[in-house]
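Worksheet: one structure, shown below.
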Amino acid sequence: MTRTSWSAEELRTLLSTVSHDLRTPLSVITGRASVLRATVREEHRRDLDTIVHEAQRLSRTLENLLAITEARDATSREWVPVEELVGGVLARLESSLEGRPVEVSVPDDLLAHIDPVRGELLLANLLDHAATHTPVGAPLELSATRNGRAVAIEVSSKSPELRAAHAQAQVTQRAGRADGLALAACQTIITAYGGTLEASERVGGGTVFHIHLPDGEALPDLADPGALTEMPSKEVD
Amino acid sequence: METVLVVEDESGMRRFLHDALSTAGFTVVEAHTAALAEQLANEARPAAILMDLGLPDADGISLLRRLRAWCATPVIVLSARHREDDKVMALDAGADDYLTKPFSTSELLARIRVALRHAHKLTFTSNPVLTVGPFRIDQTRHEVTIDGTLIHLTPIEFKLLALLARHAGKVLTHRQLLQEVWGPLNNHQTHHLRVHMAALRRKIEQDSRWPRWLTTEAGVGYRLRDE
C-alpha cells in the first residue's frame, strides 16, 4: 500500500521531528569543532571555523523550515519597538555581516505589531540574503516608518549584484535553494500577519525588499501605562 | 576543582559537554535521566547544573521545580532556538540562564562563569554600589554614572537598570522584570516594559541600534552583559 498524500498536520509533525533529530547532531558538530579549535595550530583554525559557520547555517535552515510549518497558524503578536528588533538582529548577524556597515533609519518610538521571535527571523533572513549576494563590506540599509495602521520596513542594498528579479522570484517561490527557503519563510511569516513582502529595483541601483505589516489592533496608548487598568494581563497570576 | 552536573539524554552531546568542561578544569558528572539527575544533584554537590529540557523519564520543567525545592545550585538550560516558551517557563521555574543550541565552547564557559559568580556572592546583601562594565549604580543615592559621567534616568529606568545590574550577565524574563519593578499585582503588559527598555537603552548605549551592554533576548527577556 502506498501513501499518495500527507495531511498538513502529518507534514508538520514530520518536519518538526526531522528538525529535532537534526538539531542534536548539529549541536554536537558545532560544539566538537569549537573544542578542537582551541587545541589546533593556527592554520587549521579556519577549517574549524568553516565547520562551525556551516553548521550554524544548517541550523538556521531548520529554523526557517519550522517557521514555515508554524507560521500559518501564528496569531500571537505584540507591540515591539522596531529599534529593539533591529538591535537583536544585528547582534545575531554579527558574524555573517563581518563588520559591514548597516545604515539604520528607524524612529525611536516606532512600534510594530508582530511576534518578536518571528520578527527577528524575518529581518535577519532579509539582511542575511542581502549580505550573501553582495560583496564583503558593501553597505546595507534598513529603514522603517509608520504608514497609517501599518508599518513599512525596507531592507536594501545599492550593490548591483543583488538582483531584484531574482529576489522576487525567490520570495514567491515556496521552496528551493537554501536562501530561497529563507525568503520563503519571510513570505510565510508576513502573510500570516496579513502583510506583504516584495522585492523591487532600488532607485539609483540595487534592490529593496519592502515589508508591509498591518497592525492587528489599535496602537496602545503608552503615555500613561498606569492608566491601562482594564487590559487583561497574562503577567498576573 | 568545581563539579558540573550534565543532564542530557543524547550521548554525543554529553560527550562534547564532558570534554569541553573537563578541558576547562571542571569535574564532570553525567545523568541521562531525571531520576539520576536528582540523585547526583544531591550526592555530587555540583557547583552548576547544565540541563537539557527533553529527558526520557520526565520533562525538564518538573525536574527543575523538584530540584528548586531543596537545591539552590545554578541551573543553565540547553534549548533550541525556536523554543522560547520553554526557556521562559524554565527561567520562571528557577533556571538561572539558558544556552541556545548550537553553541560553542566559549559561549558555554561564559555562561557557567556568570552562573558561578552569582552563586558565590550573595547578590542582594552586597554593596549598595554596583559596578558593571562602565556603569556605576549607586542604589542609595539613586545615581548612575557611565565612565564617571552622571546620567539622568527616570525612576522606572533606574529600577530596571539596578535590577539587571544585580543580575549582571544573566537573562531576566519579561515577567521577572515586570514583577520586580512594578510589583506582583501589576497589570502592565510586555510592551510597557519594552518601551521603557528602549528609552533606557538610548540613555546608556553609545548606539542603541547596536547595543553593547543591554541586549534583547527575543521572546524571553533582557540581559545586562558584564564582560
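Following the order of the C-alpha cells, first chain is A, next is B, and so on, with residues numbered from 1 inside each chain and ligands from 1 in the order they appear.
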
List as a count of residues only the protein and nucleic acid residues near A:Thr30, meaning an atom at most 8 Å away when only C-alpha atoms are counted, but skip any in the same chain fewer than 4 places from it. 9

Would you mind listing, as a PyMOL selection string, all residues of chain A that have at least one atom within 7 Å of chain B, where only C-alpha atoms are what counts? chain A and resi 26-28+30-32+34-35+63+79-81+83-84+86-88+90-91+116-117+225+229+233+235-236

Within 9 Å of stretch 150-158 of chain A using only C-alpha atoms, minus same-chain residues under 5 positions, as a ChimeraX atom specification: /A:110-113,123,126-127,130-131,134,138-145,195,202-216

As a ChimeraX atom specification, please: the residues near B:His118 (cut-off 12 Å, only C-alpha atoms, same-chain neighbours under 4 positions excluded). /B:47-48,72-75,96-97,111-114,122-124,126,165-170,226

Where in stretch 36-156 of chain B does DSSP assign helix (DSSP H, G or I), given as a ChimeraX atom specification? /B:36-43,60-68,84-92,105-120,123-125,155-156

Please produce a file of the residues just selected, as a short mmCIF file (atom, residue, chain, number, x, y, z; two decimals), in the first residue's frame, where the atoms kept are C-alpha atoms.
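Heads up, here's the output in result.cif:
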data_model
loop_
_atom_site.label_atom_id
_atom_site.label_comp_id
_atom_site.auth_asym_id
_atom_site.auth_seq_id
_atom_site.Cartn_x
_atom_site.Cartn_y
_atom_site.Cartn_z
CA LEU B 36 19.65 10.09 38.16
CA ALA B 37 19.96 13.87 37.90
CA GLU B 38 18.11 14.37 41.18
CA GLN B 39 20.27 11.76 42.88
CA LEU B 40 23.54 13.27 41.58
CA ALA B 41 22.49 16.83 42.38
CA ASN B 42 22.41 15.66 45.98
CA GLU B 43 25.38 13.27 46.07
CA GLY B 60 12.79 19.17 32.36
CA ILE B 61 10.48 21.79 33.87
CA SER B 62 9.13 19.43 36.53
CA LEU B 63 12.66 18.22 37.30
CA LEU B 64 13.67 21.86 37.70
CA ARG B 65 10.78 22.52 40.09
CA ARG B 66 11.64 19.45 42.16
CA LEU B 67 15.31 20.48 42.33
CA ARG B 68 14.42 24.02 43.32
CA GLU B 84 11.31 30.44 23.51
CA ASP B 85 8.25 29.44 25.55
CA ASP B 86 10.18 26.54 27.09
CA LYS B 87 13.04 28.86 28.00
CA VAL B 88 10.71 31.35 29.66
CA MET B 89 8.97 28.55 31.55
CA ALA B 90 12.32 27.17 32.71
CA LEU B 91 13.58 30.59 33.81
CA ASP B 92 10.36 31.35 35.65
CA THR B 105 32.64 26.10 23.99
CA SER B 106 33.34 29.76 24.65
CA GLU B 107 29.63 30.57 24.99
CA LEU B 108 29.20 27.59 27.29
CA LEU B 109 32.09 28.61 29.54
CA ALA B 110 31.00 32.25 29.62
CA ARG B 111 27.53 31.27 30.87
CA ILE B 112 28.99 28.96 33.52
CA ARG B 113 31.35 31.70 34.70
CA VAL B 114 28.42 34.08 35.18
CA ALA B 115 26.35 31.45 36.99
CA LEU B 116 29.21 30.57 39.35
CA ARG B 117 29.96 34.22 40.03
CA HIS B 118 26.35 34.78 41.06
CA ALA B 119 26.31 31.72 43.27
CA HIS B 120 29.47 32.91 45.01
CA THR B 123 23.61 39.36 45.40
CA PHE B 124 21.08 41.20 47.49
CA THR B 125 23.14 41.88 50.58
CA PRO B 155 12.65 56.17 38.50
CA ILE B 156 11.48 53.19 36.42
#

What is the distance between atom CA of A:Ala124 and atom CA of A:Arg57, in Å to one decimal?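 That distance, rounded to one decimal, is 12.3 Å.
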
Could you tell me how far atom CA of A:Leu48 sits from atom CA of A:Asn125, in Å to one decimal place? 24.2 Å

Give me, as a ChimeraX atom specification, the residues of stretch 21-186 of chain A that a backbone DSSP run labels strand (DSSP E or B). /A:78-81,102-105,111-114,140-146,150-157
